[in-house]
$ cat structure-v7.cif   # mmCIF, C-alpha atoms and all ligand atoms
data_start
loop_
_atom_site.group_PDB
_atom_site.id
_atom_site.type_symbol
_atom_site.label_atom_id
_atom_site.label_comp_id
_atom_site.auth_asym_id
_atom_site.auth_seq_id
_atom_site.Cartn_x
_atom_site.Cartn_y
_atom_site.Cartn_z
ATOM 1 C CA MET A 1 48.578 44.963 211.615
ATOM 2 C CA LYS A 2 46.521 43.134 214.142
ATOM 3 C CA PHE A 3 43.805 42.459 211.622
ATOM 4 C CA LEU A 4 46.096 40.726 209.149
ATOM 5 C CA PRO A 5 46.032 37.171 210.525
ATOM 6 C CA SER A 6 42.248 37.140 210.621
ATOM 7 C CA LEU A 7 42.054 38.466 207.092
ATOM 8 C CA LEU A 8 44.453 35.767 205.957
ATOM 9 C CA ALA A 9 42.405 33.149 207.734
ATOM 10 C CA LEU A 10 39.274 34.392 206.017
ATOM 11 C CA GLY A 11 41.034 34.261 202.687
ATOM 12 C CA ALA A 12 42.107 30.700 203.287
ATOM 13 C CA MET A 13 38.566 29.701 204.200
ATOM 14 C CA PHE A 14 37.204 31.205 201.034
ATOM 15 C CA ASP A 15 36.942 28.642 198.290
ATOM 16 C CA ALA A 16 38.749 30.138 195.338
ATOM 17 C CA SER A 17 36.675 28.071 192.931
ATOM 18 C CA LEU A 18 33.600 30.056 193.957
ATOM 19 C CA ALA A 19 35.140 33.405 193.153
ATOM 20 C CA ALA A 20 33.768 35.255 190.162
ATOM 21 C CA PRO A 21 36.386 36.373 187.648
ATOM 22 C CA SER A 22 37.337 39.871 188.658
ATOM 23 C CA SER A 23 38.242 41.003 185.181
ATOM 24 C CA SER A 24 37.300 39.946 181.701
ATOM 25 C CA LEU A 25 41.032 40.149 180.860
ATOM 26 C CA GLU A 26 41.749 37.139 183.043
ATOM 27 C CA PRO A 27 41.826 33.819 181.236
ATOM 28 C CA ARG A 28 38.576 32.020 181.802
ATOM 29 C CA ALA A 29 38.569 28.517 183.116
ATOM 30 C CA CYS A 30 35.156 27.853 181.597
ATOM 31 C CA THR A 31 36.106 26.852 178.063
ATOM 32 C CA THR A 32 33.562 24.072 177.505
ATOM 33 C CA PRO A 33 30.398 24.890 179.396
ATOM 34 C CA LYS A 34 28.153 21.967 180.277
ATOM 35 C CA VAL A 35 24.901 22.014 178.353
ATOM 36 C CA ARG A 36 21.648 21.639 180.261
ATOM 37 C CA LYS A 37 19.109 19.909 178.054
ATOM 38 C CA ASN A 38 15.392 20.020 177.620
ATOM 39 C CA TRP A 39 13.939 16.871 179.207
ATOM 40 C CA ALA A 40 11.569 16.486 176.242
ATOM 41 C CA SER A 41 14.467 16.075 173.824
ATOM 42 C CA ALA A 42 16.703 13.886 176.008
ATOM 43 C CA THR A 43 17.165 10.250 175.043
ATOM 44 C CA THR A 44 15.549 7.440 177.000
ATOM 45 C CA ALA A 45 18.996 6.456 178.278
ATOM 46 C CA GLU A 46 19.693 10.010 179.487
ATOM 47 C CA LYS A 47 16.337 10.141 181.219
ATOM 48 C CA SER A 48 16.813 6.847 182.993
ATOM 49 C CA ALA A 49 20.344 7.809 184.077
ATOM 50 C CA TYR A 50 18.934 10.946 185.668
ATOM 51 C CA ILE A 51 16.058 9.129 187.400
ATOM 52 C CA ASN A 52 18.357 6.391 188.678
ATOM 53 C CA ALA A 53 20.640 8.997 190.219
ATOM 54 C CA VAL A 54 17.677 10.731 191.877
ATOM 55 C CA LYS A 55 16.610 7.429 193.410
ATOM 56 C CA CYS A 56 20.185 6.846 194.535
ATOM 57 C CA LEU A 57 19.994 10.032 196.647
ATOM 58 C CA THR A 58 17.448 8.222 198.821
ATOM 59 C CA THR A 59 20.089 5.627 199.716
ATOM 60 C CA LYS A 60 22.934 7.992 200.658
ATOM 61 C CA PRO A 61 23.558 9.373 204.132
ATOM 62 C CA SER A 62 22.665 12.944 205.011
ATOM 63 C CA LYS A 63 25.432 15.503 204.497
ATOM 64 C CA LEU A 64 23.929 17.461 207.357
ATOM 65 C CA GLY A 65 24.462 14.647 209.835
ATOM 66 C CA LYS A 66 20.735 14.185 210.215
ATOM 67 C CA SER A 67 18.865 10.924 210.636
ATOM 68 C CA HIS A 68 17.442 11.108 207.133
ATOM 69 C CA LYS A 69 18.899 10.557 203.658
ATOM 70 C CA LEU A 70 20.761 12.868 201.287
ATOM 71 C CA TYR A 71 17.515 13.222 199.300
ATOM 72 C CA ASP A 72 15.841 14.724 202.369
ATOM 73 C CA ASP A 73 18.688 17.190 202.955
ATOM 74 C CA PHE A 74 17.485 19.222 199.962
ATOM 75 C CA VAL A 75 13.903 19.164 201.210
ATOM 76 C CA TRP A 76 14.939 20.084 204.733
ATOM 77 C CA VAL A 77 17.211 22.970 203.748
ATOM 78 C CA HIS A 78 14.611 24.431 201.387
ATOM 79 C CA ALA A 79 11.892 24.080 204.032
ATOM 80 C CA THR A 80 13.870 25.601 206.874
ATOM 81 C CA LEU A 81 15.209 28.528 204.801
ATOM 82 C CA PHE A 82 11.921 29.089 203.006
ATOM 83 C CA GLN A 83 11.210 32.613 204.285
ATOM 84 C CA GLN A 84 14.740 33.732 203.532
ATOM 85 C CA ILE A 85 14.749 32.661 199.884
ATOM 86 C CA HIS A 86 11.294 33.443 198.501
ATOM 87 C CA ASN A 87 9.775 36.800 197.660
ATOM 88 C CA VAL A 88 13.177 38.356 198.213
ATOM 89 C CA ALA A 89 15.938 39.422 195.826
ATOM 90 C CA ALA A 90 17.920 36.205 196.378
ATOM 91 C CA PHE A 91 15.186 33.934 194.982
ATOM 92 C CA LEU A 92 16.908 33.365 191.627
ATOM 93 C CA PRO A 93 20.581 33.176 192.707
ATOM 94 C CA TRP A 94 19.743 31.014 195.737
ATOM 95 C CA HIS A 95 17.885 28.466 193.628
ATOM 96 C CA ARG A 96 20.678 28.536 191.025
ATOM 97 C CA TYR A 97 23.089 27.540 193.755
ATOM 98 C CA PHE A 98 20.689 24.932 195.132
ATOM 99 C CA LEU A 99 20.485 23.304 191.663
ATOM 100 C CA THR A 100 24.267 23.118 191.356
ATOM 101 C CA LEU A 101 24.509 21.374 194.725
ATOM 102 C CA TYR A 102 21.820 18.921 193.650
ATOM 103 C CA GLU A 103 23.699 18.259 190.410
ATOM 104 C CA THR A 104 26.880 17.623 192.399
ATOM 105 C CA SER A 105 25.018 15.105 194.565
ATOM 106 C CA LEU A 106 23.630 13.349 191.492
ATOM 107 C CA ARG A 107 27.197 13.033 190.208
ATOM 108 C CA GLN A 108 28.193 11.455 193.510
ATOM 109 C CA CYS A 109 25.546 8.903 192.596
ATOM 110 C CA GLY A 110 27.332 8.156 189.336
ATOM 111 C CA TYR A 111 25.398 10.526 187.101
ATOM 112 C CA THR A 112 27.532 11.918 184.295
ATOM 113 C CA GLY A 113 24.907 14.109 182.629
ATOM 114 C CA ASN A 114 23.805 17.606 183.565
ATOM 115 C CA MET A 115 20.671 19.114 185.023
ATOM 116 C CA MET A 116 17.717 19.071 182.633
ATOM 117 C CA TYR A 117 14.709 21.362 182.438
ATOM 118 C CA TRP A 118 10.982 21.048 181.899
ATOM 119 C CA ASP A 119 9.984 23.687 179.372
ATOM 120 C CA TRP A 120 6.502 24.318 180.750
ATOM 121 C CA VAL A 121 6.059 27.348 178.504
ATOM 122 C CA ALA A 122 6.070 24.962 175.535
ATOM 123 C CA ASP A 123 3.627 22.633 177.323
ATOM 124 C CA SER A 124 1.361 25.325 178.771
ATOM 125 C CA ALA A 125 -1.607 24.570 176.499
ATOM 126 C CA LYS A 126 -1.873 21.007 177.829
ATOM 127 C CA PRO A 127 0.579 20.585 180.715
ATOM 128 C CA SER A 128 -0.745 17.187 181.806
ATOM 129 C CA LYS A 129 0.452 15.751 178.478
ATOM 130 C CA ALA A 130 4.052 16.905 179.077
ATOM 131 C CA LYS A 131 6.739 14.276 178.606
ATOM 132 C CA VAL A 132 7.942 14.784 182.171
ATOM 133 C CA PHE A 133 4.764 12.988 183.306
ATOM 134 C CA ASP A 134 5.359 9.936 181.144
ATOM 135 C CA PRO A 135 4.719 6.778 183.201
ATOM 136 C CA THR A 136 7.729 4.914 181.784
ATOM 137 C CA THR A 137 10.339 7.471 180.740
ATOM 138 C CA GLY A 138 9.269 10.354 182.987
ATOM 139 C CA PHE A 139 8.367 11.120 186.592
ATOM 140 C CA GLY A 140 4.929 9.481 186.543
ATOM 141 C CA GLY A 141 1.662 11.349 186.336
ATOM 142 C CA ASN A 142 -1.072 12.713 188.525
ATOM 143 C CA GLY A 143 -1.830 11.408 191.991
ATOM 144 C CA ASN A 144 -4.905 9.405 192.865
ATOM 145 C CA THR A 145 -7.606 12.060 193.158
ATOM 146 C CA THR A 146 -10.492 9.962 194.458
ATOM 147 C CA SER A 147 -10.142 11.536 197.898
ATOM 148 C CA THR A 148 -9.356 15.015 199.186
ATOM 149 C CA VAL A 149 -7.824 13.725 202.441
ATOM 150 C CA TRP A 150 -4.143 14.706 202.823
ATOM 151 C CA GLY A 151 -1.785 11.816 202.178
ATOM 152 C CA THR A 152 -4.074 9.885 199.838
ATOM 153 C CA ASN A 153 -3.213 11.539 196.507
ATOM 154 C CA CYS A 154 -0.340 9.184 195.765
ATOM 155 C CA VAL A 155 1.330 9.123 192.353
ATOM 156 C CA LEU A 156 0.353 5.743 190.883
ATOM 157 C CA THR A 157 2.619 5.479 187.846
ATOM 158 C CA GLY A 158 6.313 5.735 187.112
ATOM 159 C CA PRO A 159 9.522 5.339 189.079
ATOM 160 C CA PHE A 160 8.297 7.317 192.113
ATOM 161 C CA SER A 161 4.888 5.644 192.437
ATOM 162 C CA LYS A 162 3.451 4.412 195.698
ATOM 163 C CA SER A 163 3.930 0.802 194.615
ATOM 164 C CA SER A 164 7.637 1.459 193.992
ATOM 165 C CA GLY A 165 7.982 2.095 197.729
ATOM 166 C CA PHE A 166 9.181 5.670 197.213
ATOM 167 C CA THR A 167 8.548 7.519 200.487
ATOM 168 C CA LEU A 168 9.045 11.119 201.542
ATOM 169 C CA ARG A 169 9.779 12.195 205.071
ATOM 170 C CA TYR A 170 8.781 15.834 205.474
ATOM 171 C CA TRP A 171 5.683 17.887 204.919
ATOM 172 C CA ASN A 172 6.773 21.483 205.318
ATOM 173 C CA ASP A 173 9.255 21.169 208.193
ATOM 174 C CA GLU A 174 7.379 18.434 210.054
ATOM 175 C CA VAL A 175 8.117 14.716 209.957
ATOM 176 C CA ARG A 176 5.084 13.241 208.178
ATOM 177 C CA PRO A 177 6.089 10.256 206.028
ATOM 178 C CA HIS A 178 4.047 9.957 202.842
ATOM 179 C CA CYS A 179 3.983 8.761 199.262
ATOM 180 C CA LEU A 180 4.729 11.265 196.486
ATOM 181 C CA LEU A 181 1.571 13.394 196.313
ATOM 182 C CA ARG A 182 0.288 15.191 193.215
ATOM 183 C CA VAL A 183 -3.026 16.908 192.628
ATOM 184 C CA PHE A 184 -3.116 18.300 189.097
ATOM 185 C CA GLU A 185 -5.400 21.295 188.761
ATOM 186 C CA PRO A 186 -8.139 19.958 186.449
ATOM 187 C CA GLY A 187 -9.183 23.432 185.283
ATOM 188 C CA TYR A 188 -12.598 25.063 185.255
ATOM 189 C CA PRO A 189 -13.176 26.743 181.892
ATOM 190 C CA GLU A 190 -16.379 28.368 183.183
ATOM 191 C CA TYR A 191 -14.220 30.265 185.694
ATOM 192 C CA ASN A 192 -11.401 30.860 183.198
ATOM 193 C CA ILE A 193 -9.110 28.445 185.056
ATOM 194 C CA THR A 194 -7.083 26.429 182.561
ATOM 195 C CA GLU A 195 -5.678 22.962 183.180
ATOM 196 C CA MET A 196 -2.796 23.164 185.666
ATOM 197 C CA TYR A 197 -3.095 26.966 185.532
ATOM 198 C CA GLY A 198 -1.326 26.764 182.161
ATOM 199 C CA ASP A 199 -2.452 30.221 181.062
ATOM 200 C CA ASN A 200 -0.167 31.650 183.761
ATOM 201 C CA TYR A 201 2.920 30.307 181.989
ATOM 202 C CA SER A 202 1.915 30.622 178.354
ATOM 203 C CA PRO A 203 4.231 32.139 175.722
ATOM 204 C CA SER A 204 2.316 35.421 175.954
ATOM 205 C CA VAL A 205 2.753 35.631 179.740
ATOM 206 C CA MET A 206 6.457 34.830 179.367
ATOM 207 C CA ALA A 207 6.750 37.616 176.798
ATOM 208 C CA GLN A 208 5.422 40.007 179.430
ATOM 209 C CA VAL A 209 7.817 38.675 182.059
ATOM 210 C CA ASN A 210 10.707 39.046 179.629
ATOM 211 C CA ALA A 211 9.687 42.616 178.879
ATOM 212 C CA GLU A 212 10.639 43.580 182.441
ATOM 213 C CA THR A 213 13.847 45.589 182.232
ATOM 214 C CA THR A 214 14.947 45.515 185.888
ATOM 215 C CA PHE A 215 16.125 42.432 187.765
ATOM 216 C CA ASP A 216 13.658 43.112 190.550
ATOM 217 C CA GLY A 217 10.720 43.446 188.151
ATOM 218 C CA PHE A 218 11.703 40.333 186.206
ATOM 219 C CA SER A 219 12.385 38.208 189.280
ATOM 220 C CA ASN A 220 9.135 39.107 191.043
ATOM 221 C CA TYR A 221 7.019 38.537 187.967
ATOM 222 C CA LEU A 222 8.703 35.202 187.197
ATOM 223 C CA GLU A 223 8.462 34.013 190.800
ATOM 224 C CA ASN A 224 4.892 35.053 191.487
ATOM 225 C CA VAL A 225 3.188 34.179 188.219
ATOM 226 C CA PRO A 226 4.712 31.382 186.068
ATOM 227 C CA HIS A 227 6.843 29.766 188.771
ATOM 228 C CA ALA A 228 4.072 29.792 191.379
ATOM 229 C CA ALA A 229 1.453 28.585 188.883
ATOM 230 C CA VAL A 230 3.524 25.536 187.930
ATOM 231 C CA HIS A 231 3.941 24.618 191.603
ATOM 232 C CA SER A 232 0.205 24.925 192.236
ATOM 233 C CA GLY A 233 -0.801 23.388 188.919
ATOM 234 C CA VAL A 234 1.076 20.163 189.709
ATOM 235 C CA GLY A 235 0.550 20.049 193.437
ATOM 236 C CA ASN A 236 -2.346 22.205 194.549
ATOM 237 C CA LEU A 237 -2.786 22.382 198.320
ATOM 238 C CA ASN A 238 -2.355 18.665 199.059
ATOM 239 C CA GLY A 239 0.434 17.792 196.629
ATOM 240 C CA ASP A 240 4.170 17.944 197.239
ATOM 241 C CA MET A 241 4.772 20.451 194.419
ATOM 242 C CA GLY A 242 2.175 22.869 195.779
ATOM 243 C CA PRO A 243 3.033 25.964 197.799
ATOM 244 C CA GLN A 244 4.662 23.772 200.447
ATOM 245 C CA SER A 245 8.106 24.700 201.745
ATOM 246 C CA SER A 246 8.936 20.988 201.275
ATOM 247 C CA SER A 247 8.275 21.157 197.502
ATOM 248 C CA PRO A 248 11.695 19.635 196.627
ATOM 249 C CA ASN A 249 10.014 16.388 197.747
ATOM 250 C CA ASP A 250 8.726 16.072 194.206
ATOM 251 C CA PRO A 251 11.698 15.213 191.991
ATOM 252 C CA LEU A 252 10.052 17.363 189.342
ATOM 253 C CA PHE A 253 10.910 20.417 191.482
ATOM 254 C CA PHE A 254 14.460 20.338 190.118
ATOM 255 C CA LEU A 255 13.363 20.283 186.456
ATOM 256 C CA HIS A 256 10.914 23.071 187.210
ATOM 257 C CA HIS A 257 13.591 25.189 188.845
ATOM 258 C CA THR A 258 16.114 24.454 186.117
ATOM 259 C CA GLN A 259 13.560 25.972 183.728
ATOM 260 C CA VAL A 260 13.213 28.996 186.054
ATOM 261 C CA ASP A 261 17.005 29.277 186.001
ATOM 262 C CA ARG A 262 17.029 28.976 182.216
ATOM 263 C CA LEU A 263 14.470 31.756 181.855
ATOM 264 C CA TRP A 264 16.644 33.999 184.006
ATOM 265 C CA TYR A 265 19.689 33.013 181.909
ATOM 266 C CA LEU A 266 17.814 33.898 178.696
ATOM 267 C CA TRP A 267 16.813 37.260 180.175
ATOM 268 C CA GLN A 268 20.420 37.907 181.159
ATOM 269 C CA ARG A 269 21.662 36.894 177.705
ATOM 270 C CA ALA A 270 19.253 39.270 175.997
ATOM 271 C CA ASN A 271 21.471 42.117 177.212
ATOM 272 C CA PRO A 272 24.562 40.574 178.852
ATOM 273 C CA GLY A 273 26.454 43.804 179.405
ATOM 274 C CA ALA A 274 23.657 45.298 181.462
ATOM 275 C CA ARG A 275 22.045 42.199 182.928
ATOM 276 C CA THR A 276 24.627 39.564 183.835
ATOM 277 C CA PHE A 277 25.232 41.269 187.153
ATOM 278 C CA ALA A 278 21.911 43.111 187.335
ATOM 279 C CA TYR A 279 20.540 42.598 190.840
ATOM 280 C CA GLY A 280 18.235 44.417 193.198
ATOM 281 C CA GLY A 281 15.199 44.255 195.427
ATOM 282 C CA TYR A 282 15.029 43.487 199.113
ATOM 283 C CA LYS A 283 16.666 41.022 201.417
ATOM 284 C CA TRP A 284 15.542 38.959 204.349
ATOM 285 C CA PRO A 285 14.953 39.593 207.257
ATOM 286 C CA ASP A 286 14.657 43.371 207.360
ATOM 287 C CA TYR A 287 13.739 43.947 203.698
ATOM 288 C CA THR A 288 16.530 46.459 203.244
ATOM 289 C CA PRO A 289 18.060 46.854 199.764
ATOM 290 C CA ALA A 290 19.853 43.734 198.549
ATOM 291 C CA GLY A 291 23.341 43.711 197.042
ATOM 292 C CA LEU A 292 25.697 41.408 195.160
ATOM 293 C CA ASP A 293 27.849 40.933 198.254
ATOM 294 C CA ASP A 294 25.008 39.568 200.368
ATOM 295 C CA LEU A 295 25.778 36.087 201.674
ATOM 296 C CA MET A 296 23.266 33.379 200.874
ATOM 297 C CA PRO A 297 22.702 30.709 203.532
ATOM 298 C CA MET A 298 22.694 27.076 202.457
ATOM 299 C CA GLY A 299 21.997 25.408 205.778
ATOM 300 C CA GLY A 300 25.150 23.289 205.653
ATOM 301 C CA LEU A 301 24.405 21.729 202.265
ATOM 302 C CA GLY A 302 27.131 23.914 200.775
ATOM 303 C CA ALA A 303 29.216 26.876 201.874
ATOM 304 C CA ASN A 304 27.361 30.142 202.250
ATOM 305 C CA VAL A 305 28.314 32.147 199.152
ATOM 306 C CA THR A 306 27.681 35.648 197.893
ATOM 307 C CA VAL A 307 24.993 36.446 195.372
ATOM 308 C CA ARG A 308 27.745 37.646 193.016
ATOM 309 C CA THR A 309 29.115 34.113 192.609
ATOM 310 C CA MET A 310 25.780 32.951 191.160
ATOM 311 C CA MET A 311 25.190 35.655 188.576
ATOM 312 C CA ASP A 312 27.348 34.534 185.657
ATOM 313 C CA VAL A 313 26.795 30.945 184.484
ATOM 314 C CA ASN A 314 29.902 31.271 182.345
ATOM 315 C CA ALA A 315 32.138 31.795 185.376
ATOM 316 C CA SER A 316 34.370 28.861 186.271
ATOM 317 C CA ASN A 317 32.389 27.825 189.371
ATOM 318 C CA LEU A 318 29.185 27.354 187.316
ATOM 319 C CA CYS A 319 30.310 26.868 183.696
ATOM 320 C CA TYR A 320 27.095 25.770 182.021
ATOM 321 C CA LYS A 321 24.678 26.991 179.399
ATOM 322 C CA TYR A 322 21.281 26.164 177.985
HETATM 323 CU CU CU B 1 12.069 27.480 196.349
#
$ encode --input "structure-v7.cif" --output "structure tokens"
Amino acid sequence: MKFLPSLLALGAMFDASLAAPSSSLEPRACTTPKVRKNWASATTAEKSAYINAVKCLTTKPSKLGKSHKLYDDFVWVHATLFQQIHNVAAFLPWHRYFLTLYETSLRQCGYTGNMMYWDWVADSAKPSKAKVFDPTTGFGGNGNTTSTVWGTNCVLTGPFSKSSGFTLRYWNDEVRPHCLLRVFEPGYPEYNITEMYGDNYSPSVMAQVNAETTFDGFSNYLENVPHAAVHSGVGNLNGDMGPQSSSPNDPLFFLHHTQVDRLWYLWQRANPGARTFAYGGYKWPDYTPAGLDDLMPMGGLGANVTVRTMMDVNASNLCYKY
């Protein structure tokens, strides 16, 4: 019985609130799931409450004990774990967890609402006109594109503009303070490139993504086509939302990823019996087959949890819907 004390210790360390219900016969704690709204249909008051809480993160101390702010913790963790969480099976569950930790931090800043999403499928024909880019009720618009020199494409409007004093610390995992940078893809019709690569996240592309019947097929298609195109469409190579590992620098990252999470949720809901716990593909670092009991690292921002705990949004630890 030598192993017993260590097993007990492990059990005590395990946060019971993160455990998935083991049986559908157990009473569920999630009776009133929180509803994550579409940014475009939120009220002005809801939008400003969200933006105020985001700005508040820049005033709070790091949870990681680092000499930067809580806002930068999310950037830092995403940047340093980048290889482990992209183009692997854990892409969707890891980002689902990351969003919940962000939401928790917003609540510590007094926010009482829930995460909201940017439905870029609906805006794919003219993404630059999306309400998320509104200069007064949104996240501001494009950066200054008069120069192609890194660090000059500052967002000029809205609550995160250069003139507001909003400053970011990291570029990838290096300390390189800068204004919020955006470089919208203007589009080149003669080369069949649409504005902000919108034709990569159109309703017809999403129909193809949704037609994938395996988790692995769905996740890869969603990650590599619509998800990647939105990042590049907003940021390109010199913008924060681009393919940079520090992309959570742009506060829009979290509305983008809430939409990614919502699309996964909708795919799961299309066949809940088969898909709620559907998982597969390969894991970092050896690209061996992934499983629901794989632990996902969170770099100290939250406990490392298993993939399984992030599969069912109706479980008590998540308890939300779209
Ligand atoms: Cu990511």
$ residues_near_ligand --input "structure-v7.cif" --ligand "ligand CU 1 (chain B)" --cutoff "7 Å" --atoms "only C-alpha atoms and all ligand atoms" --output "number ranges by chain"
A: 78, 82, 85-86, 95
$ resolve_selection --input "structure-v7.cif" --expression "the PyMOL selection byres (((chain A and resi 211) around 12) and not hetatm)" --output "list in words"
Ser204, Val205, Met206, Ala207, Gln208, Val209, Asn210, Glu212, Thr213, Thr214, Phe215, Gly217, Phe218, Ser219, Tyr221, Leu222, Leu266, Trp267, Gln268, Ala270 and Asn271 of chain A
$ write_last_selection --input "structure-v7.cif" --atoms "C-alpha atoms" --output "compact mmCIF listing (two decimals), keeping the file's coordinate frame"
# COMPACT_ATOMS: atom_id res chain seq x y z
CA SER A 204 2.32 35.42 175.95
CA VAL A 205 2.75 35.63 179.74
CA MET A 206 6.46 34.83 179.37
CA ALA A 207 6.75 37.62 176.80
CA GLN A 208 5.42 40.01 179.43
CA VAL A 209 7.82 38.67 182.06
CA ASN A 210 10.71 39.05 179.63
CA GLU A 212 10.64 43.58 182.44
CA THR A 213 13.85 45.59 182.23
CA THR A 214 14.95 45.52 185.89
CA PHE A 215 16.12 42.43 187.76
CA GLY A 217 10.72 43.45 188.15
CA PHE A 218 11.70 40.33 186.21
CA SER A 219 12.38 38.21 189.28
CA TYR A 221 7.02 38.54 187.97
CA LEU A 222 8.70 35.20 187.20
CA LEU A 266 17.81 33.90 178.70
CA TRP A 267 16.81 37.26 180.18
CA GLN A 268 20.42 37.91 181.16
CA ALA A 270 19.25 39.27 176.00
CA ASN A 271 21.47 42.12 177.21
$ closest_residue --input "structure-v7.cif" --among "A:Leu99, A:Leu237, A:Val313, A:Ala303" --to "A:Arg269" --atoms "only C-alpha atoms"
A:Val313
$ atom_distance --input "structure-v7.cif" --atom1 "atom CA of A:Tyr197" --atom2 "atom CA of A:Asp250"
18.3 Å
$ residues_around --input "structure-v7.cif" --residues "A:Val305" --least-positions-apart "5" --cutoff "9 Å" --atoms "only C-alpha atoms" --output "JSON, numbers by chain"
{"A": [18, 97, 293, 294, 295, 296, 297, 298, 310]}
$ resolve_selection --input "structure-v7.cif" --expression "the PyMOL selection byres (((chain A and resi 63) around 10) and not hetatm)" --output "list of chain:residue names"
A:Lys60, A:Pro61, A:Ser62, A:Leu64, A:Gly65, A:Lys66, A:His68, A:Lys69, A:Leu70, A:Tyr71, A:Asp72, A:Asp73, A:Phe74, A:Ser105, A:Gly300, A:Leu301, A:Gly302
$ residues_around --input "structure-v7.cif" --residues "A:Gly291" --least-positions-apart "6" --cutoff "10 Å" --atoms "all atoms listed in the file" --output "PyMOL selection string"
chain A and resi 89-90+278-283+306-308
$ write_last_selection --input "structure-v7.cif" --atoms "C-alpha atoms" --output "PDB file, keeping the file's coordinate frame"
ATOM      1  CA  ALA A  89      15.938  39.422 195.826  1.00  0.00           C
ATOM      2  CA  ALA A  90      17.920  36.205 196.378  1.00  0.00           C
ATOM      3  CA  ALA A 278      21.911  43.111 187.335  1.00  0.00           C
ATOM      4  CA  TYR A 279      20.540  42.598 190.840  1.00  0.00           C
ATOM      5  CA  GLY A 280      18.235  44.417 193.198  1.00  0.00           C
ATOM      6  CA  GLY A 281      15.199  44.255 195.427  1.00  0.00           C
ATOM      7  CA  TYR A 282      15.029  43.487 199.113  1.00  0.00           C
ATOM      8  CA  LYS A 283      16.666  41.022 201.417  1.00  0.00           C
ATOM      9  CA  THR A 306      27.681  35.648 197.893  1.00  0.00           C
ATOM     10  CA  VAL A 307      24.993  36.446 195.372  1.00  0.00           C
ATOM     11  CA  ARG A 308      27.745  37.646 193.016  1.00  0.00           C
TER      12      ARG A 308
END
$ residues_around --input "structure-v7.cif" --residues "A:Arg36" --least-positions-apart "3" --cutoff "10 Å" --atoms "all atoms listed in the file" --output "PyMOL selection string"
chain A and resi 33+39+113-117+258-259+262+320-322
$ write_last_selection --input "structure-v7.cif" --atoms "C-alpha atoms" --output "PDB file, in the frame of the given file"
ATOM      1  CA  PRO A  33      30.398  24.890 179.396  1.00  0.00           C
ATOM      2  CA  TRP A  39      13.939  16.871 179.207  1.00  0.00           C
ATOM      3  CA  GLY A 113      24.907  14.109 182.629  1.00  0.00           C
ATOM      4  CA  ASN A 114      23.805  17.606 183.565  1.00  0.00           C
ATOM      5  CA  MET A 115      20.671  19.114 185.023  1.00  0.00           C
ATOM      6  CA  MET A 116      17.717  19.071 182.633  1.00  0.00           C
ATOM      7  CA  TYR A 117      14.709  21.362 182.438  1.00  0.00           C
ATOM      8  CA  THR A 258      16.114  24.454 186.117  1.00  0.00           C
ATOM      9  CA  GLN A 259      13.560  25.972 183.728  1.00  0.00           C
ATOM     10  CA  ARG A 262      17.029  28.976 182.216  1.00  0.00           C
ATOM     11  CA  TYR A 320      27.095  25.770 182.021  1.00  0.00           C
ATOM     12  CA  LYS A 321      24.678  26.991 179.399  1.00  0.00           C
ATOM     13  CA  TYR A 322      21.281  26.164 177.985  1.00  0.00           C
TER      14      TYR A 322
END
$ residues_around --input "structure-v7.cif" --residues "A:Phe166" --least-positions-apart "6" --cutoff "10 Å" --atoms "only C-alpha atoms" --output "list in words"
Lys55, Thr58, Val155, Pro159, Phe160, His178, Cys179 and Leu180 of chain A
$ write_last_selection --input "structure-v7.cif" --atoms "C-alpha atoms" --output "compact mmCIF listing (two decimals), in the coordinates of the input"
# COMPACT_ATOMS: atom_id res chain seq x y z
CA LYS A 55 16.61 7.43 193.41
CA THR A 58 17.45 8.22 198.82
CA VAL A 155 1.33 9.12 192.35
CA PRO A 159 9.52 5.34 189.08
CA PHE A 160 8.30 7.32 192.11
CA HIS A 178 4.05 9.96 202.84
CA CYS A 179 3.98 8.76 199.26
CA LEU A 180 4.73 11.26 196.49
$ decode --input "structure-v7.cif" --residues "stretch 89-103 of chain A" --atoms "C-alpha atoms" --output "short mmCIF file (atom, residue, chain, number, x, y, z; two decimals), in the first residue's frame"
data_model
loop_
_atom_site.label_atom_id
_atom_site.label_comp_id
_atom_site.auth_asym_id
_atom_site.auth_seq_id
_atom_site.Cartn_x
_atom_site.Cartn_y
_atom_site.Cartn_z
CA ALA A 89 -4.66 17.89 -31.68
CA ALA A 90 -4.85 20.16 -28.62
CA PHE A 91 -5.36 23.35 -30.65
CA LEU A 92 -9.10 23.59 -29.96
CA PRO A 93 -9.26 22.40 -26.32
CA TRP A 94 -6.18 24.44 -25.35
CA HIS A 95 -7.64 27.65 -26.74
CA ARG A 96 -11.00 26.86 -25.10
CA TYR A 97 -9.21 26.71 -21.77
CA PHE A 98 -7.20 29.85 -22.54
CA LEU A 99 -10.47 31.75 -23.21
CA THR A 100 -11.97 30.65 -19.90
CA LEU A 101 -8.90 31.89 -18.03
CA TYR A 102 -9.12 35.21 -19.86
CA GLU A 103 -12.81 35.47 -18.96
#
